[in-house]
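Below is one structure, written out as structure tokens, with a few remarks after it.
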Amino acid sequence: GSGAVGGYYGALLARAGERVSFVARGAHLRAIRERGMAVWSPLGDFAVGAQAEDDPARIGPVDVVLLAVKTYDNATALPMLPALAGPSTVVITLQNGVDSVDQAAAVVGEERVLGGPTYIATALSLPGLIEQTGTHRRIVFGEAFGARTQVSDRVREIAGVLTAANIQAEAVADARVPLWEKFIYLAPFAAFTGAARLPIGPLWSDPLIKAEFMKAVAEVEAVARAEGVPVRDTASLKEHVTQYVDALPPGTRSSLLIDLQQGKRTEIE
């Protein structure tokens, strides 16, 4: 998925010399083919040329697939994975939520799938143009299935490739932990801002709403522990969520912001 998130990471990898193929469609696909993928960023503006297709069969088996579409597009995106899967292909899901790794594994097999959250704010401003706000570009990932007792060789190797492309990569043994720790705050965050139709600022500044928010955080944490996921201790989780939300811009609403004046979509992951 070569939108605001996948397109940004793909552009960084292509700039670093990796052989990258973008899967895109419509005007975005045409722009990449004609002019390349452009990135505007506080870290520096650049553009890269790379293969771009709407049919993964024209790309064929690859070493690594970054699954970065929104989960509501999985019905069309996941059936594309087999065309990209060779004997040693790895699929890394960067989607929010905790179900993506299972959904990908149902298509290509558990042995191929890695998972983890990403932390980034980017926008597909125009076809072929991605704008980054801020400088964070972090991927935390690891094995999604199996023993998950230590960082695997393939996770370590891929992390090295990402780091060389100026991506803040963090290799972990168990992908479930960062996925659930992000979900523990993201589920309440999306629910509260969505239900209130307000950004986080006025909600977080209200003591009653803040207390209810943290109760919701505790509920999701309880589900994680019931699933057997070894998330950090409760006090550390509470401190982590509080510090994270404290640092958010007051106008932040949810993982998907619509800027009607600019006509662009900013994806804050």
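Residues in the structure tokens are named by chain (A, B, ... in the order shown) and by number from 1 within that chain; ligands are numbered from 1 in the order shown.
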For the contact check between stretch 57-122 of chain A and stretch 15-29 of chain A, emit one row per residue of stretch 57-122 of chain A within 12 Å, containing the shortest atom pair and the distance in Å rounded to one decimal, counting only C-alpha atoms, chain then rising number order, as a Markdown table.
| residue | atom | partner | partner_atom | distance |
| --- | --- | --- | --- | --- |
| A:Ala57 | CA | A:Val23 | CA | 10.5 |
| A:Arg58 | CA | A:Ser21 | CA | 10.0 |
| A:Ile59 | CA | A:Ser21 | CA | 7.1 |
| A:Gly60 | CA | A:Ser21 | CA | 9.9 |
| A:Pro61 | CA | A:Ser21 | CA | 10.9 |
| A:Val62 | CA | A:Ser21 | CA | 9.0 |
| A:Asp63 | CA | A:Arg19 | CA | 10.0 |
| A:Val64 | CA | A:Val20 | CA | 9.7 |
| A:Val65 | CA | A:Ser21 | CA | 9.6 |
| A:Leu66 | CA | A:Phe22 | CA | 10.1 |
| A:Leu67 | CA | A:Val23 | CA | 10.3 |
| A:Ala68 | CA | A:Val23 | CA | 10.6 |
| A:Val69 | CA | A:Val23 | CA | 10.4 |
| A:Ala77 | CA | A:Val23 | CA | 9.9 |
| A:Met80 | CA | A:Val23 | CA | 9.8 |
| A:Leu81 | CA | A:Val23 | CA | 11.1 |
| A:Ala83 | CA | A:Val23 | CA | 12.0 |
| A:Leu84 | CA | A:Ser21 | CA | 10.6 |
I need the residues from that last selection saved to file as a compact mmCIF listing (two decimals), in the first residue's frame (with all heavy atoms), if you can.
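See selection.txt below for the written result:
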# COMPACT_ATOMS: atom_id res chain seq x y z
N ALA A 57 0.94 -9.05 -9.56
CA ALA A 57 1.46 -10.13 -10.40
C ALA A 57 2.53 -9.63 -11.35
O ALA A 57 3.41 -10.40 -11.77
CB ALA A 57 0.32 -10.78 -11.18
N ARG A 58 2.50 -8.34 -11.68
CA ARG A 58 3.53 -7.78 -12.56
C ARG A 58 4.81 -7.44 -11.79
O ARG A 58 5.82 -7.06 -12.38
CB ARG A 58 2.99 -6.54 -13.27
CG ARG A 58 1.96 -6.86 -14.35
CD ARG A 58 1.74 -5.68 -15.27
NE ARG A 58 0.96 -4.63 -14.62
CZ ARG A 58 -0.36 -4.55 -14.69
NH1 ARG A 58 -1.05 -5.46 -15.36
NH2 ARG A 58 -1.00 -3.58 -14.08
N ILE A 59 4.75 -7.54 -10.48
CA ILE A 59 5.94 -7.36 -9.65
C ILE A 59 6.58 -8.70 -9.35
O ILE A 59 7.78 -8.89 -9.46
CB ILE A 59 5.58 -6.64 -8.33
CG1 ILE A 59 5.02 -5.24 -8.63
CG2 ILE A 59 6.79 -6.54 -7.41
CD1 ILE A 59 4.48 -4.52 -7.42
N GLY A 60 5.75 -9.67 -8.97
CA GLY A 60 6.26 -11.00 -8.68
C GLY A 60 6.81 -11.11 -7.27
O GLY A 60 6.73 -10.17 -6.47
N PRO A 61 7.39 -12.26 -6.93
CA PRO A 61 7.88 -12.48 -5.55
C PRO A 61 8.94 -11.47 -5.14
O PRO A 61 9.81 -11.10 -5.92
CB PRO A 61 8.47 -13.89 -5.63
CG PRO A 61 7.73 -14.55 -6.75
CD PRO A 61 7.51 -13.46 -7.76
N VAL A 62 8.84 -11.03 -3.89
CA VAL A 62 9.77 -10.05 -3.33
C VAL A 62 10.33 -10.61 -2.02
O VAL A 62 9.87 -11.63 -1.51
CB VAL A 62 9.08 -8.69 -3.07
CG1 VAL A 62 8.60 -8.09 -4.37
CG2 VAL A 62 7.92 -8.85 -2.09
N ASP A 63 11.31 -9.93 -1.47
CA ASP A 63 11.89 -10.34 -0.18
C ASP A 63 10.99 -9.95 0.98
O ASP A 63 10.76 -10.73 1.91
CB ASP A 63 13.28 -9.72 0.01
CG ASP A 63 14.27 -10.21 -1.03
OD1 ASP A 63 14.34 -11.42 -1.25
OD2 ASP A 63 14.95 -9.35 -1.62
N VAL A 64 10.51 -8.70 0.95
CA VAL A 64 9.71 -8.16 2.05
C VAL A 64 8.52 -7.39 1.50
O VAL A 64 8.68 -6.59 0.58
CB VAL A 64 10.55 -7.23 2.95
CG1 VAL A 64 9.69 -6.65 4.08
CG2 VAL A 64 11.75 -7.95 3.53
N VAL A 65 7.35 -7.64 2.07
CA VAL A 65 6.15 -6.86 1.78
C VAL A 65 5.82 -6.02 3.00
O VAL A 65 5.72 -6.55 4.11
CB VAL A 65 4.95 -7.77 1.45
CG1 VAL A 65 3.70 -6.92 1.19
CG2 VAL A 65 5.23 -8.66 0.25
N LEU A 66 5.65 -4.71 2.82
CA LEU A 66 5.15 -3.85 3.89
C LEU A 66 3.65 -3.66 3.67
O LEU A 66 3.24 -3.01 2.70
CB LEU A 66 5.84 -2.48 3.88
CG LEU A 66 7.32 -2.44 4.26
CD1 LEU A 66 7.83 -1.00 4.23
CD2 LEU A 66 7.56 -3.05 5.64
N LEU A 67 2.85 -4.24 4.53
CA LEU A 67 1.40 -4.10 4.44
C LEU A 67 1.00 -2.87 5.23
O LEU A 67 0.96 -2.89 6.46
CB LEU A 67 0.70 -5.35 4.99
CG LEU A 67 -0.82 -5.35 4.95
CD1 LEU A 67 -1.33 -5.24 3.52
CD2 LEU A 67 -1.38 -6.59 5.62
N ALA A 68 0.70 -1.78 4.51
CA ALA A 68 0.48 -0.50 5.17
C ALA A 68 -0.85 0.14 4.80
O ALA A 68 -1.06 1.32 5.07
CB ALA A 68 1.63 0.47 4.83
N VAL A 69 -1.76 -0.63 4.20
CA VAL A 69 -3.07 -0.07 3.89
C VAL A 69 -3.89 0.01 5.17
O VAL A 69 -3.59 -0.64 6.17
CB VAL A 69 -3.82 -0.92 2.85
CG1 VAL A 69 -3.01 -1.04 1.57
CG2 VAL A 69 -4.16 -2.30 3.40
N ALA A 77 -6.79 -5.86 -0.32
CA ALA A 77 -5.33 -5.88 -0.26
C ALA A 77 -4.78 -7.28 0.04
O ALA A 77 -3.80 -7.71 -0.59
CB ALA A 77 -4.82 -4.90 0.79
N MET A 80 -3.97 -9.86 -2.62
CA MET A 80 -2.83 -9.54 -3.48
C MET A 80 -1.53 -10.14 -2.99
O MET A 80 -0.55 -10.22 -3.72
CB MET A 80 -2.66 -8.02 -3.57
CG MET A 80 -3.80 -7.28 -4.22
SD MET A 80 -3.46 -5.48 -4.29
CE MET A 80 -4.93 -4.90 -5.15
N LEU A 81 -1.48 -10.56 -1.71
CA LEU A 81 -0.22 -11.02 -1.12
C LEU A 81 0.37 -12.26 -1.79
O LEU A 81 1.58 -12.33 -1.98
CB LEU A 81 -0.41 -11.27 0.37
CG LEU A 81 -0.66 -10.04 1.24
CD1 LEU A 81 -0.85 -10.46 2.70
CD2 LEU A 81 0.48 -9.04 1.13
N ALA A 83 0.63 -13.22 -4.78
CA ALA A 83 1.40 -12.90 -5.99
C ALA A 83 2.78 -12.35 -5.66
O ALA A 83 3.69 -12.41 -6.50
CB ALA A 83 0.64 -11.89 -6.85
N LEU A 84 2.95 -11.83 -4.44
CA LEU A 84 4.22 -11.25 -4.03
C LEU A 84 5.07 -12.22 -3.20
O LEU A 84 6.20 -11.91 -2.84
CB LEU A 84 3.98 -9.99 -3.20
CG LEU A 84 3.24 -8.85 -3.89
CD1 LEU A 84 2.82 -7.79 -2.88
CD2 LEU A 84 4.10 -8.23 -4.99
Q: List the neighbours of A:Gly134 out to 10 Å using only C-alpha atoms; skip same-chain residues closer than 6 positions along the sequence, and give me the result as JSON, numbers by chain.
A: {"A": [41, 42, 43, 120, 121, 122]}
Write a file of the selected residues as a PDB file, in the first residue's frame, keeping N, CA, C and O atoms.
ATOM      1  N   SER A  41       9.428  17.015   3.601  1.00  0.00           N
ATOM      2  CA  SER A  41       9.635  16.660   5.002  1.00  0.00           C
ATOM      3  C   SER A  41      10.554  17.656   5.681  1.00  0.00           C
ATOM      4  O   SER A  41      11.456  18.217   5.042  1.00  0.00           O
ATOM      5  N   PRO A  42      10.378  17.863   7.002  1.00  0.00           N
ATOM      6  CA  PRO A  42      11.339  18.666   7.750  1.00  0.00           C
ATOM      7  C   PRO A  42      12.739  18.062   7.721  1.00  0.00           C
ATOM      8  O   PRO A  42      13.724  18.768   7.963  1.00  0.00           O
ATOM      9  N   LEU A  43      12.832  16.782   7.398  1.00  0.00           N
ATOM     10  CA  LEU A  43      14.127  16.116   7.311  1.00  0.00           C
ATOM     11  C   LEU A  43      14.790  16.311   5.957  1.00  0.00           C
ATOM     12  O   LEU A  43      15.929  15.871   5.760  1.00  0.00           O
ATOM     13  N   ILE A 120       4.120   7.646  12.989  1.00  0.00           N
ATOM     14  CA  ILE A 120       4.482   8.582  11.928  1.00  0.00           C
ATOM     15  C   ILE A 120       3.289   9.479  11.630  1.00  0.00           C
ATOM     16  O   ILE A 120       2.143   9.094  11.896  1.00  0.00           O
ATOM     17  N   ALA A 121       3.540  10.669  11.124  1.00  0.00           N
ATOM     18  CA  ALA A 121       2.473  11.566  10.676  1.00  0.00           C
ATOM     19  C   ALA A 121       2.800  12.020   9.263  1.00  0.00           C
ATOM     20  O   ALA A 121       3.746  12.782   9.047  1.00  0.00           O
ATOM     21  N   THR A 122       2.034  11.536   8.304  1.00  0.00           N
ATOM     22  CA  THR A 122       2.266  11.850   6.898  1.00  0.00           C
ATOM     23  C   THR A 122       0.935  12.083   6.205  1.00  0.00           C
ATOM     24  O   THR A 122      -0.107  11.641   6.665  1.00  0.00           O
TER      25      THR A 122
END
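In terms of minimum interatomic distance to A:Arg176, A:Glu227 ranks closest within A:Glu239, A:Asp54, A:Glu227, A:Asp45, counting only C-alpha atoms.
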(Q) Just list as a ChimeraX atom specification whatever in stretch 65-237 of chain A DSSP marks as strand (DSSP E). (A) /A:65-67,85-93,113-115,118-126,129-143,168-174
Q.
So that I can check the surroundings of stretch 124-130 of chain A, please list as number ranges by chain every protein, DNA and RNA residue that reaches within 8 Å of it, counting only C-alpha atoms and ignoring chain neighbours fewer than 2 positions away.
A. A: 3-4, 7-8, 27-29, 31-32, 35-40, 122, 132, 263-266
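The smallest atom-to-atom distance between A:Gly44 and any of A:Thr149, A:Val101, A:Asn166, A:Val91, using only C-alpha atoms, is found for A:Asn166.
Atom CA of A:Phe183 to atom CA of A:Phe145 spans 18.4 Å [interatomic distance, one decimal].
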(Q) I'd like the neighbourhood of stretch 195-199 of chain A as number ranges by chain, where a residue qualifies if any of its atoms comes within 12 Å (using only C-alpha atoms), though same-chain residues fewer than 2 positions away should be ignored. (A) A: 187-193, 201-205, 209, 245, 248-257
